[in-house]
Amino acid sequence: MKSSTLCAARLLRSSALGVSLAVVTVAMPAQAQDSAPQNDFDDAPIVVTAQGRSQLLSDVPVAISAVNAETLQNSGANDIRQLNQVAPSLLVSSTGSEANGSARIRGIGTVGDNPGLESSVPVFIDGVYRSRSGIGLNELGEIDRVEVQRGPQGTLGGRNSSAGLISIYSKKPDFQFGATGEITYGNYDYWRLGGSVTGPISDTLAARLDGIWVKRDGFYRDTTNNTDVNDRDRYFLRGQLLFEPTDALSIRLIADYTFRDEKCCGAIYVDNSVNPYIGNLNNPSTPLAPLQPDGNNIINVLRDLGQPLSAFNQGYDRTLSVSPGRSYAGETKDYGFSGQIDYDLGGATLTSITAYREYRSSQASDTDYGAVDILYRAPSDDAYRQFHTFTQELRLQGEAFDGKLDWLVGGFYANEKLRVRDNLRFGTQYGRFANCRIITGGGLAGLYSPNSPLCVAPGVGPATIAGASGASGPDIVAAFTALDGLNDLGSINDRYSQNGENWALFTHNIFHITDKLDFTFGLRYTNDKKDFGATFSNDNTVCTTVQGLVLDDLASPNATARALAGALIGLSCQGNSTAELNGVSISDSRSEDEFTGTAILSYKPVDDLLLYASYSRGYKAGGFNLDRSALKSPIFPFAATPGGAQSLVGALQFDPELVNSYELGAKYSTGPFSLGVSLFRSDFKNFQLNTFNGTVFLVQNINGCTTDLGGADRDTSAATGACAQDDVSWGVRAEGVEIEASLVPARNFRVAAGLTYADTSYRNNLVGNRFGAPLDPALRKLPGDNLSNAPELVATGSVTWTPELGSGGLTGLVYIDGRMTSDYNTGSDLFPQKEQDGYALFNARIGVRGPDEKWGIELWAQNIFNKQYSQVAFNSPFQAGTTSAPFTDPQYPGGRQIFSQFLAEPRTYGVTGRFRF
């Protein structure tokens, strides 16, 4: 997948995808960079504020896609996820919780499972920063436009971002009365009711109210507990006031509230057609040990403890494996208010945006995603993430030197309080599962008896273990006994807090050197501080008991005793889940300062053509890994570390992400046709990677080494592959080309097109931080490969036809859009079992509208051809098999790991009625 030639060949080998791409290329359909009016040959100019000023999209020398309200309505976009269909460089996906949504631009993004990491592609709504991009997976109400800016951002205001940003602008109150309504019904018993009303209160004050209610059955079925999962049950309210006492002053106040009571998010196993190393599922008598090449001890254990084998070859069937009594129930509240003041002072304009927001999401889960009860989070207030965010932005903009200089200066301040509570606990079968995992993984497999204590045959089993362990035998057996009872223990109420303050001063100036030549210069200074604290509560006394019994055996001359001691401690103390931390508190703080900026030279040889070259330096703040398992290996107790847990807190920190980006671009816009082309290259240092290795979340800064490491970054050792600090350089590069076009060839007919080629990859010879430390062995597949969720080729397309029907004012609507994507890997560790083949998605809408669109009725379908694909695949928690001979896996030399995946939405369809007056 590394070379573009191979990627293109893979893309075109799929006949459906190849034909679709050919049609897009010839017909020039899709990507709504510009949007034409319904009843005119001429393309209506789109005005954007990407440079802090109102400018025509075709005059802005930056890479930006602007999607207007009509395109959003036709595409069925209710949240930022559906922007994928109309913005080829953007990919939005979600994983274990709707709060974990992640947006990527040009293949760069932040995995959202760990709230300690800020977004590489943040979301702004009406100029207000949202703390994490997953918060944008809410209903949006009536939208005026969406701007997707590509490349490093922050010089103009708001929060810094390293890859781009998504700016959403809602419709303002109007001084003329109006109202809209919508009712939608679709499959999965989908109901959506929406409406808005706006109008004047006085000559200087107008108001607007938007409301939406949504309910839908889930896409997954939990047959064990007789419930749907991934359902919809939410509502959204937004009220606005617009006060314009004079032509010089405008004050806009916005308040909104969202509530969701939904079950999310289910996952199924990656089946053996994708992961052949699961083993031969059609041969339940496969010997346990020594394992045959088609055997897998984890599959055997799961099967014998209650997991149906059908779950491992169900393909894309959406029947979940869930433990009895476990739930995916969750509640989300997202609300806040903002005030924007625009005041024309005569020689300059002052803009102030003040906002306060709260976001709280609680989520229960069957965290092992299987029928065997291994891990869970209970539905309670003891498992949530919560943000309290205050932001203030000030901008002052004006002109000087008879209009030769368009200047802007400003400041930004954010105070963010992040609170996380967790109650991740071992399930009611964990002890037996852990013992069986140890017994089946080596020379003791002949003793395997899953329904017996210790998972071994009574009598002979304990005796054999004791004999094989030599002098340590009695303690080893006692440790097995203790582990067998490790059920329904673990975290009770772990609390994490991160208080952050971020302030910045910035300037952004456009020098009109001549009538055709401009030079844009921007500079920003940012100061970011974070204070971290955590308090742990845990009732897992089994961990400390096992450590007390067999810790000394880690140095035993008996190889069996050493191996069993390590396995027993590791499985009883997984994720540092130990009562030793009960009541323990840790704290830390960090502070950083960064200068970022941009320089752009733009030239208009003729009125319709803009050429530009730019450089920008971007930044995303560092922070803390909010997962205590990152403190240390679970093998040795905290008491063995001088200073205890507090002395290890530095291991939770990660450094800021930095990027240097270069771009060449051209935009041509005349009448009904527009075309934009951009070539880009971005080099990232300290790239912030968050990955789940099957046991813990790893957060590591990724850098490259300019000297050859001889493959030491690709081995299974955590000690090899160091780089001299002076040789540490960038570790990720994104480079490629983007093409966007729109055409109105005839009245009431328009097409638009977008194509992105992005080679977003890790360099060879990777190291784990800025000091040149070795890369974590779990990431050994990264060097030289593409990043996760970073397809090299993406094409988008849309066609809109609104013919007149007779002479009575009726019009029709025919709309179709498509997105074609080449192969990519969905897992941040790039294991090949997480590979997703290229695919194509199509949406369509057909309808009839009354005179002046006072009413309309539309039939629609999303994912028309019901394409089944994975959003993200991941290591199934704790479900890794043995590496015993004679098994050899040339792709994944770490053993027989089982994988799960979060699926994308299936085909949906329905009917929508609209009215307005």
# chains A, B, ... in the order shown; residues from 1 in each chain; ligands from 1

call {"tool": "closest_atom_pairs", "arguments": {"of": "range 60-93 of chain A", "to": "range 657-669 of chain A", "cutoff": "10 Å", "atoms": "only C-alpha atoms", "output": "CSV"}}
result
residue,atom,partner,partner_atom,distance
A:Val60,CA,A:Lys667,CA,8.9
A:Pro61,CA,A:Gly665,CA,7.6
A:Val62,CA,A:Gly665,CA,7.9
A:Ala63,CA,A:Gly665,CA,7.8

call {"tool": "write_last_selection", "arguments": {"atoms": "N, CA and C atoms", "output": "mmCIF file, in the first residue's frame"}}
result
data_model
loop_
_atom_site.group_PDB
_atom_site.id
_atom_site.type_symbol
_atom_site.label_atom_id
_atom_site.label_comp_id
_atom_site.auth_asym_id
_atom_site.auth_seq_id
_atom_site.Cartn_x
_atom_site.Cartn_y
_atom_site.Cartn_z
ATOM 1 N N VAL A 60 -9.268 33.287 -1.642
ATOM 2 C CA VAL A 60 -8.555 32.942 -0.412
ATOM 3 C C VAL A 60 -7.390 32.018 -0.736
ATOM 4 N N PRO A 61 -6.146 32.429 -0.485
ATOM 5 C CA PRO A 61 -4.975 31.624 -0.856
ATOM 6 C C PRO A 61 -4.644 30.547 0.176
ATOM 7 N N VAL A 62 -5.621 29.769 0.545
ATOM 8 C CA VAL A 62 -5.426 28.636 1.449
ATOM 9 C C VAL A 62 -6.302 27.493 0.943
ATOM 10 N N ALA A 63 -5.956 26.270 1.357
ATOM 11 C CA ALA A 63 -6.739 25.091 0.970
ATOM 12 C C ALA A 63 -7.960 24.991 1.867
#

call {"tool": "residues_around", "arguments": {"residues": "Asp655 in chain A", "least_positions_apart": "5", "cutoff": "8 Å", "atoms": "only C-alpha atoms", "output": "short mmCIF file (atom, residue, chain, number, x, y, z; two decimals) with N, CA and C atoms, in the first residue's frame"}}
result
data_model
loop_
_atom_site.label_atom_id
_atom_site.label_comp_id
_atom_site.auth_asym_id
_atom_site.auth_seq_id
_atom_site.Cartn_x
_atom_site.Cartn_y
_atom_site.Cartn_z
N ALA A 621 -0.83 21.13 21.49
CA ALA A 621 -0.25 21.08 22.82
C ALA A 621 0.00 19.66 23.30
N GLY A 622 1.00 19.52 24.17
CA GLY A 622 1.24 18.27 24.86
C GLY A 622 0.26 18.09 26.00
N GLY A 623 0.44 17.01 26.75
CA GLY A 623 -0.51 16.76 27.84
C GLY A 623 -0.18 15.50 28.60
N ASN A 686 7.34 14.87 16.91
CA ASN A 686 6.59 14.55 18.13
C ASN A 686 5.14 14.19 17.82
N GLN A 688 1.77 12.73 17.95
CA GLN A 688 1.12 12.12 19.12
C GLN A 688 0.27 10.92 18.68
N ASN A 701 5.05 9.84 21.55
CA ASN A 701 5.48 10.76 20.50
C ASN A 701 6.34 10.00 19.51
#

call {"tool": "select_by_dssp", "arguments": {"residues": "range 733-832 of chain A", "states": "strand (DSSP E)", "output": "PDB file with C-alpha atoms, in the first residue's frame"}}
result
ATOM      1  CA  ARG A 733       5.158  13.161   6.467  1.00  0.00           C
ATOM      2  CA  ALA A 734       1.946  13.942   4.591  1.00  0.00           C
ATOM      3  CA  GLU A 735       2.334  14.946   0.948  1.00  0.00           C
ATOM      4  CA  GLY A 736       0.149  14.883  -2.107  1.00  0.00           C
ATOM      5  CA  VAL A 737      -2.240  16.780  -4.337  1.00  0.00           C
ATOM      6  CA  GLU A 738      -5.871  17.857  -4.063  1.00  0.00           C
ATOM      7  CA  ILE A 739      -8.188  18.749  -6.952  1.00  0.00           C
ATOM      8  CA  GLU A 740     -11.629  20.280  -6.528  1.00  0.00           C
ATOM      9  CA  ALA A 741     -13.992  21.442  -9.250  1.00  0.00           C
ATOM     10  CA  SER A 742     -17.579  22.495  -9.850  1.00  0.00           C
ATOM     11  CA  LEU A 743     -19.503  23.068 -13.064  1.00  0.00           C
ATOM     12  CA  VAL A 744     -22.967  24.402 -13.981  1.00  0.00           C
ATOM     13  CA  PRO A 745     -23.297  23.259 -17.613  1.00  0.00           C
ATOM     14  CA  ALA A 746     -27.015  24.030 -17.897  1.00  0.00           C
ATOM     15  CA  PHE A 749     -28.006  21.340 -13.242  1.00  0.00           C
ATOM     16  CA  ARG A 750     -24.630  21.223 -11.555  1.00  0.00           C
ATOM     17  CA  VAL A 751     -21.848  18.780 -10.866  1.00  0.00           C
ATOM     18  CA  ALA A 752     -18.838  18.976  -8.594  1.00  0.00           C
ATOM     19  CA  ALA A 753     -15.739  16.827  -8.160  1.00  0.00           C
ATOM     20  CA  GLY A 754     -12.926  16.224  -5.726  1.00  0.00           C
ATOM     21  CA  LEU A 755      -9.853  14.019  -5.795  1.00  0.00           C
ATOM     22  CA  THR A 756      -7.182  13.713  -3.109  1.00  0.00           C
ATOM     23  CA  TYR A 757      -3.951  11.778  -3.347  1.00  0.00           C
ATOM     24  CA  ALA A 758      -2.194  11.831   0.027  1.00  0.00           C
ATOM     25  CA  ASP A 759       0.852   9.778   0.909  1.00  0.00           C
ATOM     26  CA  THR A 760       0.685  10.118   4.698  1.00  0.00           C
ATOM     27  CA  SER A 761       3.307   7.826   6.150  1.00  0.00           C
ATOM     28  CA  TYR A 762       5.875   7.188   8.847  1.00  0.00           C
ATOM     29  CA  LEU A 766      11.439   5.526  14.118  1.00  0.00           C
ATOM     30  CA  VAL A 767      12.049   6.393  17.753  1.00  0.00           C
ATOM     31  CA  LEU A 793      -6.691   7.955  -2.962  1.00  0.00           C
ATOM     32  CA  VAL A 794     -10.129   9.432  -2.304  1.00  0.00           C
ATOM     33  CA  ALA A 795     -12.580  10.715  -4.917  1.00  0.00           C
ATOM     34  CA  THR A 796     -15.877  12.398  -4.134  1.00  0.00           C
ATOM     35  CA  GLY A 797     -18.648  13.364  -6.489  1.00  0.00           C
ATOM     36  CA  SER A 798     -22.103  14.932  -6.548  1.00  0.00           C
ATOM     37  CA  VAL A 799     -24.728  15.714  -9.182  1.00  0.00           C
ATOM     38  CA  THR A 800     -27.728  17.973  -8.517  1.00  0.00           C
ATOM     39  CA  TRP A 801     -30.617  18.487 -10.950  1.00  0.00           C
ATOM     40  CA  GLU A 804     -38.936  22.847 -13.473  1.00  0.00           C
ATOM     41  CA  LEU A 805     -42.086  20.701 -13.501  1.00  0.00           C
ATOM     42  CA  LEU A 810     -43.135  23.086  -9.075  1.00  0.00           C
ATOM     43  CA  THR A 811     -39.537  21.861  -9.220  1.00  0.00           C
ATOM     44  CA  GLY A 812     -37.972  18.452  -8.904  1.00  0.00           C
ATOM     45  CA  LEU A 813     -34.857  17.309  -7.116  1.00  0.00           C
ATOM     46  CA  VAL A 814     -32.460  14.603  -8.236  1.00  0.00           C
ATOM     47  CA  TYR A 815     -29.295  14.368  -6.156  1.00  0.00           C
ATOM     48  CA  ILE A 816     -26.573  11.746  -5.863  1.00  0.00           C
ATOM     49  CA  ASP A 817     -23.173  11.848  -4.231  1.00  0.00           C
ATOM     50  CA  GLY A 818     -20.400   9.316  -3.908  1.00  0.00           C
ATOM     51  CA  ARG A 819     -17.101   8.739  -2.147  1.00  0.00           C
ATOM     52  CA  MET A 820     -14.559   6.247  -3.448  1.00  0.00           C
ATOM     53  CA  THR A 821     -11.707   5.254  -1.136  1.00  0.00           C
ATOM     54  CA  TYR A 824      -6.170   1.668   4.263  1.00  0.00           C
ATOM     55  CA  ASN A 825      -5.433   0.240   7.688  1.00  0.00           C
TER      56      ASN A 825
END

call {"tool": "atom_distance", "arguments": {"atom1": "CA of Ile278 in chain A", "atom2": "CA of Glu905 in chain A"}}
result
25.8 Å

call {"tool": "residues_around", "arguments": {"residues": "range 591-597 of chain A", "least_positions_apart": "3", "cutoff": "12 Å", "atoms": "only C-alpha atoms", "output": "JSON, numbers by chain"}}
result
{"A": [151, 152, 153, 154, 155, 156, 157, 160, 161, 162, 499, 500, 501, 502, 503, 504, 505, 506, 507, 508, 509, 520, 521, 522, 523, 524, 525, 526, 527, 528, 529, 530, 531, 532, 588, 600, 614, 615, 616, 617, 618, 619, 620, 621, 622, 623, 624, 653, 654, 655, 656, 657, 658, 659, 660, 661]}

call {"tool": "write_last_selection", "arguments": {"atoms": "C-alpha atoms", "output": "CSV table (one decimal), in the first residue's frame"}}
result
chain,number,residue,atom,x,y,z
A,151,GLY,CA,-3.2,22.3,7.0
A,152,PRO,CA,-1.9,23.9,10.3
A,153,GLN,CA,-4.3,26.5,11.8
A,154,GLY,CA,-4.3,28.9,14.7
A,155,THR,CA,-2.6,32.1,13.4
A,156,LEU,CA,-5.9,33.8,13.1
A,157,GLY,CA,-7.3,32.9,16.5
A,160,ASN,CA,-4.0,25.8,17.7
A,161,SER,CA,-4.4,22.7,15.4
A,162,SER,CA,-1.7,20.8,13.6
A,499,ASN,CA,-6.9,21.9,34.4
A,500,GLY,CA,-5.6,23.7,31.4
A,501,GLU,CA,-5.0,27.3,30.6
A,502,ASN,CA,-4.1,28.3,27.1
A,503,TRP,CA,-3.5,31.9,25.9
A,504,ALA,CA,-2.2,33.3,22.7
A,505,LEU,CA,-1.4,36.6,21.0
A,506,PHE,CA,-1.5,36.7,17.2
A,507,THR,CA,-1.4,38.9,14.1
A,508,HIS,CA,-2.4,38.2,10.6
A,509,ASN,CA,-1.7,40.8,7.9
A,520,THR,CA,0.3,37.5,3.8
A,521,PHE,CA,2.2,37.2,7.1
A,522,GLY,CA,0.9,35.7,10.3
A,523,LEU,CA,2.6,35.1,13.7
A,524,ARG,CA,1.3,33.6,16.9
A,525,TYR,CA,2.7,33.1,20.4
A,526,THR,CA,1.0,30.5,22.6
A,527,ASN,CA,1.4,29.6,26.2
A,528,ASP,CA,-0.1,26.4,27.4
A,529,LYS,CA,-0.2,25.1,31.0
A,530,LYS,CA,-1.8,21.9,32.4
A,531,ASP,CA,-2.1,20.7,36.0
A,532,PHE,CA,-2.8,17.0,36.3
A,588,ASP,CA,2.0,16.7,38.0
A,600,ILE,CA,1.8,33.3,1.8
A,614,SER,CA,2.6,29.2,1.4
A,615,TYR,CA,4.6,28.0,4.4
A,616,SER,CA,3.0,27.5,7.9
A,617,ARG,CA,4.2,26.1,11.2
A,618,GLY,CA,1.6,24.4,13.3
A,619,TYR,CA,1.4,23.2,16.9
A,620,LYS,CA,-0.8,21.0,19.1
A,621,ALA,CA,-0.2,21.1,22.8
A,622,GLY,CA,1.2,18.3,24.9
A,623,GLY,CA,-0.5,16.8,27.8
A,624,PHE,CA,-1.1,13.7,30.0
A,653,GLN,CA,3.4,13.1,29.9
A,654,PHE,CA,3.7,13.5,26.1
A,655,ASP,CA,5.3,16.4,24.2
A,656,PRO,CA,3.6,18.9,21.9
A,657,GLU,CA,3.1,18.0,18.2
A,658,LEU,CA,4.9,20.3,15.7
A,659,VAL,CA,4.5,20.6,12.0
A,660,ASN,CA,6.1,22.5,9.1
A,661,SER,CA,3.9,22.6,6.1

call {"tool": "atom_distance", "arguments": {"atom1": "CA of Ala722 in chain A", "atom2": "CA of Ala773 in chain A"}}
result
5.1 Å

call {"tool": "residues_around", "arguments": {"residues": "Pro783 in chain A", "least_positions_apart": "2", "cutoff": "6 Å", "atoms": "only C-alpha atoms", "output": "ChimeraX atom specification"}}
result
/A:762-764,785

call {"tool": "write_last_selection", "arguments": {"atoms": "N, CA and C atoms", "output": "compact mmCIF listing (two decimals), in the first residue's frame"}}
result
# COMPACT_ATOMS: atom_id res chain seq x y z
N TYR A 762 4.75 7.11 7.92
CA TYR A 762 5.87 7.19 8.85
C TYR A 762 7.17 7.03 8.05
N ARG A 763 8.20 7.71 8.50
CA ARG A 763 9.49 7.50 7.87
C ARG A 763 10.08 6.19 8.39
N ASN A 764 11.09 5.70 7.75
CA ASN A 764 11.84 4.57 8.27
C ASN A 764 12.68 5.03 9.45
N ASP A 785 5.45 2.72 6.78
CA ASP A 785 4.10 2.41 6.32
C ASP A 785 3.20 3.63 6.45

call {"tool": "closest_residue", "arguments": {"among": "A:Leu91, A:Val270, A:Cys705, A:Ala778", "to": "Ser876 in chain A", "atoms": "only C-alpha atoms"}}
result
A:Val270

call {"tool": "residues_around", "arguments": {"residues": "Ala651 in chain A", "least_positions_apart": "3", "cutoff": "9 Å", "atoms": "only C-alpha atoms", "output": "PyMOL selection string"}}
result
chain A and resi 624-625+630-632+648+654

call {"tool": "closest_residue", "arguments": {"among": "A:Ile125, A:Ile268, A:Ala77, A:Ala434", "to": "Val872 in chain A", "atoms": "only C-alpha atoms"}}
result
A:Ile268

call {"tool": "residues_around", "arguments": {"residues": "Glu139 in chain A", "least_positions_apart": "2", "cutoff": "10 Å", "atoms": "only C-alpha atoms", "output": "VMD selection string"}}
result
chain A and resid 77 to 80 136 to 137 141 to 142 211 to 214 234 to 237 258

call {"tool": "write_last_selection", "arguments": {"atoms": "N, CA and C atoms", "output": "PDB file, in the first residue's frame"}}
result
ATOM      1  N   ALA A  77     -26.660  15.481   5.732  1.00  0.00           N
ATOM      2  CA  ALA A  77     -25.698  15.689   6.810  1.00  0.00           C
ATOM      3  C   ALA A  77     -26.387  16.255   8.049  1.00  0.00           C
ATOM      4  N   ASN A  78     -26.367  15.480   9.136  1.00  0.00           N
ATOM      5  CA  ASN A  78     -26.892  15.940  10.417  1.00  0.00           C
ATOM      6  C   ASN A  78     -25.789  16.167  11.444  1.00  0.00           C
ATOM      7  N   ASP A  79     -24.598  15.621  11.196  1.00  0.00           N
ATOM      8  CA  ASP A  79     -23.444  15.896  12.041  1.00  0.00           C
ATOM      9  C   ASP A  79     -22.200  15.862  11.147  1.00  0.00           C
ATOM     10  N   ILE A  80     -21.032  16.094  11.726  1.00  0.00           N
ATOM     11  CA  ILE A  80     -19.828  16.255  10.911  1.00  0.00           C
ATOM     12  C   ILE A  80     -19.411  14.968  10.227  1.00  0.00           C
ATOM     13  N   GLY A 136     -18.511  17.160  18.123  1.00  0.00           N
ATOM     14  CA  GLY A 136     -19.225  17.586  16.919  1.00  0.00           C
ATOM     15  C   GLY A 136     -20.148  16.525  16.354  1.00  0.00           C
ATOM     16  N   LEU A 137     -20.178  15.318  16.955  1.00  0.00           N
ATOM     17  CA  LEU A 137     -21.081  14.271  16.478  1.00  0.00           C
ATOM     18  C   LEU A 137     -22.476  14.427  17.080  1.00  0.00           C
ATOM     19  N   GLY A 141     -28.630  21.329  13.856  1.00  0.00           N
ATOM     20  CA  GLY A 141     -29.655  22.317  13.578  1.00  0.00           C
ATOM     21  C   GLY A 141     -29.477  22.907  12.183  1.00  0.00           C
ATOM     22  N   GLU A 142     -30.136  24.040  11.921  1.00  0.00           N
ATOM     23  CA  GLU A 142     -30.046  24.687  10.605  1.00  0.00           C
ATOM     24  C   GLU A 142     -28.683  25.358  10.456  1.00  0.00           C
ATOM     25  N   GLY A 211     -35.006  23.479  16.868  1.00  0.00           N
ATOM     26  CA  GLY A 211     -35.181  22.289  17.684  1.00  0.00           C
ATOM     27  C   GLY A 211     -35.215  21.033  16.841  1.00  0.00           C
ATOM     28  N   ILE A 212     -34.654  19.943  17.370  1.00  0.00           N
ATOM     29  CA  ILE A 212     -34.612  18.666  16.659  1.00  0.00           C
ATOM     30  C   ILE A 212     -34.822  17.542  17.666  1.00  0.00           C
ATOM     31  N   TRP A 213     -35.615  16.548  17.275  1.00  0.00           N
ATOM     32  CA  TRP A 213     -35.791  15.327  18.067  1.00  0.00           C
ATOM     33  C   TRP A 213     -35.573  14.135  17.156  1.00  0.00           C
ATOM     34  N   VAL A 214     -34.776  13.166  17.621  1.00  0.00           N
ATOM     35  CA  VAL A 214     -34.421  12.005  16.805  1.00  0.00           C
ATOM     36  C   VAL A 214     -34.575  10.741  17.639  1.00  0.00           C
ATOM     37  N   ARG A 234     -32.302  11.290  21.050  1.00  0.00           N
ATOM     38  CA  ARG A 234     -31.664  12.565  21.378  1.00  0.00           C
ATOM     39  C   ARG A 234     -32.548  13.740  20.978  1.00  0.00           C
ATOM     40  N   TYR A 235     -32.259  14.873  21.585  1.00  0.00           N
ATOM     41  CA  TYR A 235     -32.891  16.103  21.134  1.00  0.00           C
ATOM     42  C   TYR A 235     -31.900  17.257  21.272  1.00  0.00           C
ATOM     43  N   PHE A 236     -32.186  18.318  20.520  1.00  0.00           N
ATOM     44  CA  PHE A 236     -31.290  19.468  20.424  1.00  0.00           C
ATOM     45  C   PHE A 236     -32.127  20.736  20.371  1.00  0.00           C
ATOM     46  N   LEU A 237     -31.738  21.746  21.159  1.00  0.00           N
ATOM     47  CA  LEU A 237     -32.400  23.045  21.156  1.00  0.00           C
ATOM     48  C   LEU A 237     -31.345  24.145  21.053  1.00  0.00           C
ATOM     49  N   THR A 258     -28.042  19.932  24.209  1.00  0.00           N
ATOM     50  CA  THR A 258     -28.214  18.626  23.583  1.00  0.00           C
ATOM     51  C   THR A 258     -28.287  17.564  24.664  1.00  0.00           C
TER      52      THR A 258
END

call {"tool": "atom_distance", "arguments": {"atom1": "CA of Trp730 in chain A", "atom2": "CA of Ala718 in chain A"}}
result
20.7 Å

call {"tool": "residues_around", "arguments": {"residues": "Ile513 in chain A", "least_positions_apart": "4", "cutoff": "9 Å", "atoms": "only C-alpha atoms", "output": "PyMOL selection string"}}
result
chain A and resi 404-405+517-519

call {"tool": "decode", "arguments": {"residues": "range 218-235 of chain A", "atoms": "N, CA and C atoms", "output": "CSV table (one decimal), in the first residue's frame"}}
result
chain,number,residue,atom,x,y,z
A,218,GLY,N,-31.4,0.5,17.0
A,218,GLY,CA,-30.0,0.3,16.9
A,218,GLY,C,-29.6,-0.5,15.6
A,219,PHE,N,-28.4,-0.4,15.2
A,219,PHE,CA,-27.9,-1.1,14.0
A,219,PHE,C,-27.4,-2.5,14.5
A,220,TYR,N,-27.1,-2.7,15.7
A,220,TYR,CA,-26.7,-4.0,16.3
A,220,TYR,C,-27.8,-4.6,17.1
A,221,ARG,N,-27.7,-5.9,17.2
A,221,ARG,CA,-28.7,-6.6,18.0
A,221,ARG,C,-28.0,-7.4,19.1
A,222,ASP,N,-28.3,-7.1,20.4
A,222,ASP,CA,-27.8,-7.9,21.5
A,222,ASP,C,-28.8,-8.9,21.9
A,223,THR,N,-28.7,-10.1,21.4
A,223,THR,CA,-29.7,-11.1,21.6
A,223,THR,C,-29.6,-11.7,23.0
A,224,THR,N,-28.5,-11.6,23.7
A,224,THR,CA,-28.3,-12.1,25.0
A,224,THR,C,-29.2,-11.3,26.0
A,225,ASN,N,-29.2,-10.0,25.9
A,225,ASN,CA,-30.0,-9.1,26.8
A,225,ASN,C,-31.2,-8.5,26.1
A,226,ASN,N,-31.5,-9.0,24.9
A,226,ASN,CA,-32.7,-8.6,24.1
A,226,ASN,C,-32.8,-7.1,24.0
A,227,THR,N,-31.8,-6.5,23.4
A,227,THR,CA,-31.8,-5.0,23.2
A,227,THR,C,-31.1,-4.6,22.0
A,228,ASP,N,-31.3,-3.4,21.4
A,228,ASP,CA,-30.6,-2.9,20.3
A,228,ASP,C,-29.4,-2.1,20.8
A,229,VAL,N,-28.4,-1.9,20.0
A,229,VAL,CA,-27.2,-1.1,20.4
A,229,VAL,C,-26.9,-0.3,19.2
A,230,ASN,N,-26.3,0.9,19.5
A,230,ASN,CA,-26.1,2.0,18.5
A,230,ASN,C,-27.4,2.5,18.0
A,231,ASP,N,-28.3,2.8,18.9
A,231,ASP,CA,-29.6,3.4,18.6
A,231,ASP,C,-29.4,4.9,18.6
A,232,ARG,N,-30.5,5.6,18.4
A,232,ARG,CA,-30.6,7.1,18.5
A,232,ARG,C,-31.8,7.5,19.4
A,233,ASP,N,-31.5,8.3,20.4
A,233,ASP,CA,-32.6,8.9,21.2
A,233,ASP,C,-32.0,10.2,21.8
A,234,ARG,N,-32.3,11.3,21.0
A,234,ARG,CA,-31.7,12.6,21.4
A,234,ARG,C,-32.5,13.7,21.0
A,235,TYR,N,-32.3,14.9,21.6
A,235,TYR,CA,-32.9,16.1,21.1
A,235,TYR,C,-31.9,17.3,21.3
